[in-house]
file final_34.txt (compact mmCIF, N, CA and C atoms)
# COMPACT_ATOMS: atom_id res chain seq x y z
N MET B 1350 -7.87 -17.48 2.03
CA MET B 1350 -8.90 -16.81 2.79
C MET B 1350 -10.14 -16.58 1.93
N VAL B 1351 -9.93 -16.14 0.69
CA VAL B 1351 -11.06 -15.87 -0.20
C VAL B 1351 -11.76 -17.17 -0.58
N ILE B 1352 -10.99 -18.23 -0.85
CA ILE B 1352 -11.58 -19.51 -1.21
C ILE B 1352 -12.41 -20.06 -0.05
N CYS B 1353 -11.94 -19.87 1.16
CA CYS B 1353 -12.69 -20.29 2.34
C CYS B 1353 -14.01 -19.53 2.44
N ALA B 1354 -13.99 -18.25 2.18
CA ALA B 1354 -15.21 -17.45 2.22
C ALA B 1354 -16.19 -17.88 1.13
N VAL B 1355 -15.67 -18.18 -0.06
CA VAL B 1355 -16.53 -18.65 -1.14
C VAL B 1355 -17.15 -19.99 -0.77
N GLY B 1356 -16.36 -20.87 -0.19
CA GLY B 1356 -16.88 -22.17 0.22
C GLY B 1356 -17.96 -22.07 1.28
N LEU B 1357 -17.75 -21.19 2.24
CA LEU B 1357 -18.77 -21.01 3.28
C LEU B 1357 -20.03 -20.36 2.72
N PHE B 1358 -19.88 -19.42 1.83
CA PHE B 1358 -21.03 -18.76 1.23
C PHE B 1358 -21.81 -19.70 0.33
N ALA B 1359 -21.10 -20.55 -0.42
CA ALA B 1359 -21.75 -21.43 -1.38
C ALA B 1359 -22.27 -22.71 -0.75
N ARG B 1360 -21.96 -22.94 0.49
CA ARG B 1360 -22.40 -24.17 1.14
C ARG B 1360 -23.91 -24.30 1.16
N ALA B 1361 -24.61 -23.20 1.33
CA ALA B 1361 -26.08 -23.24 1.36
C ALA B 1361 -26.66 -23.59 0.00
N ASP B 1362 -26.04 -23.14 -1.07
CA ASP B 1362 -26.57 -23.40 -2.40
C ASP B 1362 -26.16 -24.76 -2.97
N PHE B 1363 -24.98 -25.23 -2.60
CA PHE B 1363 -24.43 -26.42 -3.24
C PHE B 1363 -24.25 -27.59 -2.28
N GLN B 1364 -25.09 -27.72 -1.29
CA GLN B 1364 -25.00 -28.91 -0.45
C GLN B 1364 -26.09 -29.88 -0.88
N THR B 1365 -25.83 -31.15 -0.68
CA THR B 1365 -26.79 -32.18 -1.04
C THR B 1365 -27.74 -32.39 0.13
N PRO B 1366 -29.06 -32.28 -0.12
CA PRO B 1366 -30.01 -32.50 0.98
C PRO B 1366 -29.93 -33.92 1.51
N GLY B 1367 -30.25 -34.08 2.76
CA GLY B 1367 -30.20 -35.39 3.39
C GLY B 1367 -31.17 -36.36 2.76
N GLY B 1368 -30.75 -37.60 2.61
CA GLY B 1368 -31.60 -38.63 2.04
C GLY B 1368 -31.61 -38.69 0.53
N MET B 1369 -30.87 -37.80 -0.12
CA MET B 1369 -30.83 -37.80 -1.59
C MET B 1369 -29.43 -38.19 -2.04
N SER B 1370 -29.37 -38.74 -3.25
CA SER B 1370 -28.05 -39.06 -3.80
C SER B 1370 -27.38 -37.78 -4.30
N GLU B 1371 -26.09 -37.86 -4.55
CA GLU B 1371 -25.32 -36.70 -4.96
C GLU B 1371 -25.82 -36.18 -6.31
N ALA B 1372 -26.09 -34.90 -6.38
CA ALA B 1372 -26.51 -34.28 -7.64
C ALA B 1372 -25.28 -33.87 -8.43
N ARG B 1373 -25.49 -33.57 -9.70
CA ARG B 1373 -24.36 -33.27 -10.57
C ARG B 1373 -23.75 -31.90 -10.30
N ALA B 1374 -24.58 -30.87 -10.12
CA ALA B 1374 -24.07 -29.51 -9.94
C ALA B 1374 -23.25 -29.35 -8.66
N PRO B 1375 -23.71 -29.84 -7.51
CA PRO B 1375 -22.85 -29.70 -6.32
C PRO B 1375 -21.53 -30.45 -6.42
N LEU B 1376 -21.57 -31.65 -7.00
CA LEU B 1376 -20.34 -32.40 -7.16
C LEU B 1376 -19.36 -31.67 -8.08
N ALA B 1377 -19.86 -31.13 -9.18
CA ALA B 1377 -19.00 -30.37 -10.09
C ALA B 1377 -18.48 -29.10 -9.43
N PHE B 1378 -19.33 -28.42 -8.67
CA PHE B 1378 -18.91 -27.18 -8.02
C PHE B 1378 -17.77 -27.42 -7.04
N TRP B 1379 -17.92 -28.41 -6.16
CA TRP B 1379 -16.90 -28.65 -5.14
C TRP B 1379 -15.62 -29.17 -5.76
N THR B 1380 -15.72 -29.97 -6.82
CA THR B 1380 -14.52 -30.45 -7.51
C THR B 1380 -13.78 -29.30 -8.18
N LEU B 1381 -14.52 -28.43 -8.86
CA LEU B 1381 -13.89 -27.29 -9.53
C LEU B 1381 -13.33 -26.29 -8.53
N LEU B 1382 -14.01 -26.10 -7.40
CA LEU B 1382 -13.49 -25.19 -6.38
C LEU B 1382 -12.19 -25.72 -5.79
N LEU B 1383 -12.10 -27.02 -5.60
CA LEU B 1383 -10.86 -27.62 -5.12
C LEU B 1383 -9.75 -27.46 -6.15
N GLY B 1384 -10.08 -27.64 -7.44
CA GLY B 1384 -9.09 -27.42 -8.50
C GLY B 1384 -8.64 -25.98 -8.57
N LEU B 1385 -9.57 -25.07 -8.39
CA LEU B 1385 -9.25 -23.64 -8.38
C LEU B 1385 -8.33 -23.29 -7.22
N TRP B 1386 -8.59 -23.86 -6.08
CA TRP B 1386 -7.76 -23.63 -4.90
C TRP B 1386 -6.34 -24.15 -5.12
N GLY B 1387 -6.23 -25.35 -5.67
CA GLY B 1387 -4.92 -25.90 -5.95
C GLY B 1387 -4.16 -25.10 -6.99
N ALA B 1388 -4.85 -24.64 -8.02
CA ALA B 1388 -4.20 -23.84 -9.06
C ALA B 1388 -3.74 -22.49 -8.51
N LEU B 1389 -4.54 -21.87 -7.66
CA LEU B 1389 -4.11 -20.61 -7.05
C LEU B 1389 -2.89 -20.81 -6.15
N ASN B 1390 -2.87 -21.92 -5.43
CA ASN B 1390 -1.69 -22.22 -4.62
C ASN B 1390 -0.47 -22.41 -5.51
N ALA B 1391 -0.64 -23.09 -6.64
CA ALA B 1391 0.48 -23.30 -7.55
C ALA B 1391 0.96 -21.98 -8.16
N VAL B 1392 0.03 -21.07 -8.46
CA VAL B 1392 0.42 -19.76 -9.00
C VAL B 1392 1.23 -18.99 -7.96
N LEU B 1393 0.78 -19.01 -6.72
CA LEU B 1393 1.46 -18.23 -5.68
C LEU B 1393 2.79 -18.85 -5.25
N LEU B 1394 2.92 -20.16 -5.39
CA LEU B 1394 4.14 -20.82 -4.95
C LEU B 1394 5.10 -21.16 -6.08
N GLY B 1395 4.69 -20.91 -7.33
CA GLY B 1395 5.56 -21.22 -8.47
C GLY B 1395 6.80 -20.35 -8.46
N ASP B 1396 7.94 -20.96 -8.74
CA ASP B 1396 9.19 -20.20 -8.65
C ASP B 1396 9.86 -19.95 -9.99
N ASP B 1397 9.27 -20.45 -11.07
CA ASP B 1397 9.84 -20.14 -12.38
C ASP B 1397 8.70 -19.92 -13.38
N LEU B 1398 9.05 -19.49 -14.56
CA LEU B 1398 8.06 -19.09 -15.55
C LEU B 1398 7.26 -20.28 -16.07
N PHE B 1399 7.89 -21.43 -16.24
CA PHE B 1399 7.17 -22.59 -16.74
C PHE B 1399 6.09 -23.04 -15.75
N ASN B 1400 6.43 -23.11 -14.48
CA ASN B 1400 5.44 -23.50 -13.48
C ASN B 1400 4.32 -22.48 -13.40
N LEU B 1401 4.62 -21.23 -13.55
CA LEU B 1401 3.59 -20.19 -13.55
C LEU B 1401 2.66 -20.37 -14.74
N PHE B 1402 3.21 -20.68 -15.91
CA PHE B 1402 2.40 -20.90 -17.10
C PHE B 1402 1.47 -22.10 -16.91
N VAL B 1403 1.98 -23.19 -16.40
CA VAL B 1403 1.16 -24.38 -16.18
C VAL B 1403 0.09 -24.10 -15.13
N ALA B 1404 0.42 -23.40 -14.08
CA ALA B 1404 -0.55 -23.08 -13.04
C ALA B 1404 -1.65 -22.16 -13.56
N LEU B 1405 -1.30 -21.21 -14.41
CA LEU B 1405 -2.33 -20.33 -14.99
C LEU B 1405 -3.25 -21.10 -15.92
N GLU B 1406 -2.73 -22.08 -16.63
CA GLU B 1406 -3.60 -22.92 -17.46
C GLU B 1406 -4.53 -23.75 -16.59
N LEU B 1407 -4.01 -24.32 -15.52
CA LEU B 1407 -4.87 -25.06 -14.60
C LEU B 1407 -5.94 -24.17 -13.99
N LEU B 1408 -5.57 -22.95 -13.68
CA LEU B 1408 -6.52 -21.98 -13.14
C LEU B 1408 -7.63 -21.70 -14.15
N THR B 1409 -7.26 -21.56 -15.42
CA THR B 1409 -8.26 -21.33 -16.46
C THR B 1409 -9.17 -22.53 -16.63
N PHE B 1410 -8.59 -23.74 -16.61
CA PHE B 1410 -9.39 -24.94 -16.79
C PHE B 1410 -10.36 -25.17 -15.64
N ALA B 1411 -10.09 -24.62 -14.47
CA ALA B 1411 -11.00 -24.74 -13.34
C ALA B 1411 -11.99 -23.58 -13.26
N ALA B 1412 -11.57 -22.39 -13.67
CA ALA B 1412 -12.41 -21.21 -13.48
C ALA B 1412 -13.51 -21.10 -14.54
N VAL B 1413 -13.20 -21.43 -15.78
CA VAL B 1413 -14.20 -21.27 -16.84
C VAL B 1413 -15.41 -22.18 -16.63
N PRO B 1414 -15.24 -23.47 -16.36
CA PRO B 1414 -16.43 -24.28 -16.10
C PRO B 1414 -17.16 -23.87 -14.82
N LEU B 1415 -16.43 -23.33 -13.86
CA LEU B 1415 -17.08 -22.88 -12.63
C LEU B 1415 -18.00 -21.70 -12.91
N VAL B 1416 -17.61 -20.83 -13.81
CA VAL B 1416 -18.46 -19.69 -14.17
C VAL B 1416 -19.68 -20.17 -14.95
N CYS B 1417 -19.52 -21.17 -15.78
CA CYS B 1417 -20.60 -21.67 -16.64
C CYS B 1417 -21.43 -22.76 -15.98
N LEU B 1418 -21.27 -23.00 -14.71
CA LEU B 1418 -21.93 -24.12 -14.05
C LEU B 1418 -23.44 -23.96 -13.99
N ASP B 1419 -23.92 -22.75 -13.99
CA ASP B 1419 -25.35 -22.53 -13.88
C ASP B 1419 -26.09 -23.07 -15.09
N GLY B 1420 -25.53 -22.95 -16.27
CA GLY B 1420 -26.12 -23.53 -17.46
C GLY B 1420 -27.16 -22.68 -18.15
N ARG B 1421 -27.33 -21.46 -17.73
CA ARG B 1421 -28.28 -20.57 -18.41
C ARG B 1421 -27.67 -20.02 -19.69
N PRO B 1422 -28.46 -19.65 -20.67
CA PRO B 1422 -27.91 -19.08 -21.92
C PRO B 1422 -27.13 -17.78 -21.68
N GLU B 1423 -27.46 -17.03 -20.63
CA GLU B 1423 -26.76 -15.77 -20.37
C GLU B 1423 -25.31 -16.00 -19.99
N THR B 1424 -25.04 -17.13 -19.35
CA THR B 1424 -23.66 -17.39 -18.94
C THR B 1424 -22.85 -17.89 -20.09
call {"tool": "encode", "arguments": {"input": "final_34.txt", "output": "structure tokens"}}
result
Amino acid sequence: MVICAVGLFARADFQTPGGMSEARAPLAFWTLLLGLWGALNAVLLGDDLFNLFVALELLTFAAVPLVCLDGRPET
């Protein structure tokens, strides 16, 4: 539910305008959001400690670049 809300909210900022080729930031954002969604599903559905550990690592690998996507020095 939260990922759906983030996707709907971010659609205005990260959509590719018509007639232009795909830009780097929107492509990276949607790819990382899909990875984040999959990792959260793996965390919630994992049934043992090893799967939970792997899912948390996948979550970290998707969330950190998503936070730094803006590219400003403050981030």
call {"tool": "atom_distance", "arguments": {"input": "final_34.txt", "atom1": "atom C of Leu1357 in chain B", "atom2": "atom C of Leu1401 in chain B"}}
result
28.6 Å
call {"tool": "atom_distance", "arguments": {"input": "final_34.txt", "atom1": "atom C of Arg1360 in chain B", "atom2": "atom N of Trp1379 in chain B"}}
result
10.3 Å
call {"tool": "atom_distance", "arguments": {"input": "final_34.txt", "atom1": "CA of Ala1388 in chain B", "atom2": "CA of Leu1415 in chain B"}}
result
13.4 Å
call {"tool": "closest_residue", "arguments": {"input": "final_34.txt", "among": "B:Leu1376, B:Val1355, B:Val1413, B:Ala1404", "to": "Asn1390 in chain B", "atoms": "only N, CA and C atoms"}}
result
B:Ala1404
call {"tool": "residues_around", "arguments": {"input": "final_34.txt", "residues": "Ala1411 in chain B", "least_positions_apart": "6", "cutoff": "6 Å", "atoms": "only C-alpha atoms", "output": "list in words"}}
result
Leu1381, Gly1384 and Leu1385 of chain B
call {"tool": "select_by_dssp", "arguments": {"input": "final_34.txt", "residues": "chain B", "states": "helix (DSSP H, G or I)", "output": "JSON, numbers by chain"}}
result
{"B": [1351, 1352, 1353, 1354, 1355, 1356, 1357, 1358, 1359, 1373, 1374, 1375, 1376, 1377, 1378, 1379, 1380, 1381, 1382, 1383, 1384, 1385, 1386, 1387, 1388, 1389, 1390, 1391, 1392, 1393, 1394, 1398, 1399, 1400, 1401, 1402, 1403, 1404, 1405, 1406, 1407, 1408, 1409, 1410, 1411, 1412, 1413, 1414, 1415, 1416, 1417, 1418, 1419]}
call {"tool": "write_last_selection", "arguments": {"input": "final_34.txt", "atoms": "N, CA and C atoms", "output": "short mmCIF file (atom, residue, chain, number, x, y, z; two decimals), in the frame of the given file"}}
result
data_model
loop_
_atom_site.label_atom_id
_atom_site.label_comp_id
_atom_site.auth_asym_id
_atom_site.auth_seq_id
_atom_site.Cartn_x
_atom_site.Cartn_y
_atom_site.Cartn_z
N VAL B 1351 -9.93 -16.14 0.69
CA VAL B 1351 -11.06 -15.87 -0.20
C VAL B 1351 -11.76 -17.17 -0.58
N ILE B 1352 -10.99 -18.23 -0.85
CA ILE B 1352 -11.58 -19.51 -1.21
C ILE B 1352 -12.41 -20.06 -0.05
N CYS B 1353 -11.94 -19.87 1.16
CA CYS B 1353 -12.69 -20.29 2.34
C CYS B 1353 -14.01 -19.53 2.44
N ALA B 1354 -13.99 -18.25 2.18
CA ALA B 1354 -15.21 -17.45 2.22
C ALA B 1354 -16.19 -17.88 1.13
N VAL B 1355 -15.67 -18.18 -0.06
CA VAL B 1355 -16.53 -18.65 -1.14
C VAL B 1355 -17.15 -19.99 -0.77
N GLY B 1356 -16.36 -20.87 -0.19
CA GLY B 1356 -16.88 -22.17 0.22
C GLY B 1356 -17.96 -22.07 1.28
N LEU B 1357 -17.75 -21.19 2.24
CA LEU B 1357 -18.77 -21.01 3.28
C LEU B 1357 -20.03 -20.36 2.72
N PHE B 1358 -19.88 -19.42 1.83
CA PHE B 1358 -21.03 -18.76 1.23
C PHE B 1358 -21.81 -19.70 0.33
N ALA B 1359 -21.10 -20.55 -0.42
CA ALA B 1359 -21.75 -21.43 -1.38
C ALA B 1359 -22.27 -22.71 -0.75
N ARG B 1373 -25.49 -33.57 -9.70
CA ARG B 1373 -24.36 -33.27 -10.57
C ARG B 1373 -23.75 -31.90 -10.30
N ALA B 1374 -24.58 -30.87 -10.12
CA ALA B 1374 -24.07 -29.51 -9.94
C ALA B 1374 -23.25 -29.35 -8.66
N PRO B 1375 -23.71 -29.84 -7.51
CA PRO B 1375 -22.85 -29.70 -6.32
C PRO B 1375 -21.53 -30.45 -6.42
N LEU B 1376 -21.57 -31.65 -7.00
CA LEU B 1376 -20.34 -32.40 -7.16
C LEU B 1376 -19.36 -31.67 -8.08
N ALA B 1377 -19.86 -31.13 -9.18
CA ALA B 1377 -19.00 -30.37 -10.09
C ALA B 1377 -18.48 -29.10 -9.43
N PHE B 1378 -19.33 -28.42 -8.67
CA PHE B 1378 -18.91 -27.18 -8.02
C PHE B 1378 -17.77 -27.42 -7.04
N TRP B 1379 -17.92 -28.41 -6.16
CA TRP B 1379 -16.90 -28.65 -5.14
C TRP B 1379 -15.62 -29.17 -5.76
N THR B 1380 -15.72 -29.97 -6.82
CA THR B 1380 -14.52 -30.45 -7.51
C THR B 1380 -13.78 -29.30 -8.18
N LEU B 1381 -14.52 -28.43 -8.86
CA LEU B 1381 -13.89 -27.29 -9.53
C LEU B 1381 -13.33 -26.29 -8.53
N LEU B 1382 -14.01 -26.10 -7.40
CA LEU B 1382 -13.49 -25.19 -6.38
C LEU B 1382 -12.19 -25.72 -5.79
N LEU B 1383 -12.10 -27.02 -5.60
CA LEU B 1383 -10.86 -27.62 -5.12
C LEU B 1383 -9.75 -27.46 -6.15
N GLY B 1384 -10.08 -27.64 -7.44
CA GLY B 1384 -9.09 -27.42 -8.50
C GLY B 1384 -8.64 -25.98 -8.57
N LEU B 1385 -9.57 -25.07 -8.39
CA LEU B 1385 -9.25 -23.64 -8.38
C LEU B 1385 -8.33 -23.29 -7.22
N TRP B 1386 -8.59 -23.86 -6.08
CA TRP B 1386 -7.76 -23.63 -4.90
C TRP B 1386 -6.34 -24.15 -5.12
N GLY B 1387 -6.23 -25.35 -5.67
CA GLY B 1387 -4.92 -25.90 -5.95
C GLY B 1387 -4.16 -25.10 -6.99
N ALA B 1388 -4.85 -24.64 -8.02
CA ALA B 1388 -4.20 -23.84 -9.06
C ALA B 1388 -3.74 -22.49 -8.51
N LEU B 1389 -4.54 -21.87 -7.66
CA LEU B 1389 -4.11 -20.61 -7.05
C LEU B 1389 -2.89 -20.81 -6.15
N ASN B 1390 -2.87 -21.92 -5.43
CA ASN B 1390 -1.69 -22.22 -4.62
C ASN B 1390 -0.47 -22.41 -5.51
N ALA B 1391 -0.64 -23.09 -6.64
CA ALA B 1391 0.48 -23.30 -7.55
C ALA B 1391 0.96 -21.98 -8.16
N VAL B 1392 0.03 -21.07 -8.46
CA VAL B 1392 0.42 -19.76 -9.00
C VAL B 1392 1.23 -18.99 -7.96
N LEU B 1393 0.78 -19.01 -6.72
CA LEU B 1393 1.46 -18.23 -5.68
C LEU B 1393 2.79 -18.85 -5.25
N LEU B 1394 2.92 -20.16 -5.39
CA LEU B 1394 4.14 -20.82 -4.95
C LEU B 1394 5.10 -21.16 -6.08
N LEU B 1398 9.05 -19.49 -14.56
CA LEU B 1398 8.06 -19.09 -15.55
C LEU B 1398 7.26 -20.28 -16.07
N PHE B 1399 7.89 -21.43 -16.24
CA PHE B 1399 7.17 -22.59 -16.74
C PHE B 1399 6.09 -23.04 -15.75
N ASN B 1400 6.43 -23.11 -14.48
CA ASN B 1400 5.44 -23.50 -13.48
C ASN B 1400 4.32 -22.48 -13.40
N LEU B 1401 4.62 -21.23 -13.55
CA LEU B 1401 3.59 -20.19 -13.55
C LEU B 1401 2.66 -20.37 -14.74
N PHE B 1402 3.21 -20.68 -15.91
CA PHE B 1402 2.40 -20.90 -17.10
C PHE B 1402 1.47 -22.10 -16.91
N VAL B 1403 1.98 -23.19 -16.40
CA VAL B 1403 1.16 -24.38 -16.18
C VAL B 1403 0.09 -24.10 -15.13
N ALA B 1404 0.42 -23.40 -14.08
CA ALA B 1404 -0.55 -23.08 -13.04
C ALA B 1404 -1.65 -22.16 -13.56
N LEU B 1405 -1.30 -21.21 -14.41
CA LEU B 1405 -2.33 -20.33 -14.99
C LEU B 1405 -3.25 -21.10 -15.92
N GLU B 1406 -2.73 -22.08 -16.63
CA GLU B 1406 -3.60 -22.92 -17.46
C GLU B 1406 -4.53 -23.75 -16.59
N LEU B 1407 -4.01 -24.32 -15.52
CA LEU B 1407 -4.87 -25.06 -14.60
C LEU B 1407 -5.94 -24.17 -13.99
N LEU B 1408 -5.57 -22.95 -13.68
CA LEU B 1408 -6.52 -21.98 -13.14
C LEU B 1408 -7.63 -21.70 -14.15
N THR B 1409 -7.26 -21.56 -15.42
CA THR B 1409 -8.26 -21.33 -16.46
C THR B 1409 -9.17 -22.53 -16.63
N PHE B 1410 -8.59 -23.74 -16.61
CA PHE B 1410 -9.39 -24.94 -16.79
C PHE B 1410 -10.36 -25.17 -15.64
N ALA B 1411 -10.09 -24.62 -14.47
CA ALA B 1411 -11.00 -24.74 -13.34
C ALA B 1411 -11.99 -23.58 -13.26
N ALA B 1412 -11.57 -22.39 -13.67
CA ALA B 1412 -12.41 -21.21 -13.48
C ALA B 1412 -13.51 -21.10 -14.54
N VAL B 1413 -13.20 -21.43 -15.78
CA VAL B 1413 -14.20 -21.27 -16.84
C VAL B 1413 -15.41 -22.18 -16.63
N PRO B 1414 -15.24 -23.47 -16.36
CA PRO B 1414 -16.43 -24.28 -16.10
C PRO B 1414 -17.16 -23.87 -14.82
N LEU B 1415 -16.43 -23.33 -13.86
CA LEU B 1415 -17.08 -22.88 -12.63
C LEU B 1415 -18.00 -21.70 -12.91
N VAL B 1416 -17.61 -20.83 -13.81
CA VAL B 1416 -18.46 -19.69 -14.17
C VAL B 1416 -19.68 -20.17 -14.95
N CYS B 1417 -19.52 -21.17 -15.78
CA CYS B 1417 -20.60 -21.67 -16.64
C CYS B 1417 -21.43 -22.76 -15.98
N LEU B 1418 -21.27 -23.00 -14.71
CA LEU B 1418 -21.93 -24.12 -14.05
C LEU B 1418 -23.44 -23.96 -13.99
N ASP B 1419 -23.92 -22.75 -13.99
CA ASP B 1419 -25.35 -22.53 -13.88
C ASP B 1419 -26.09 -23.07 -15.09
#
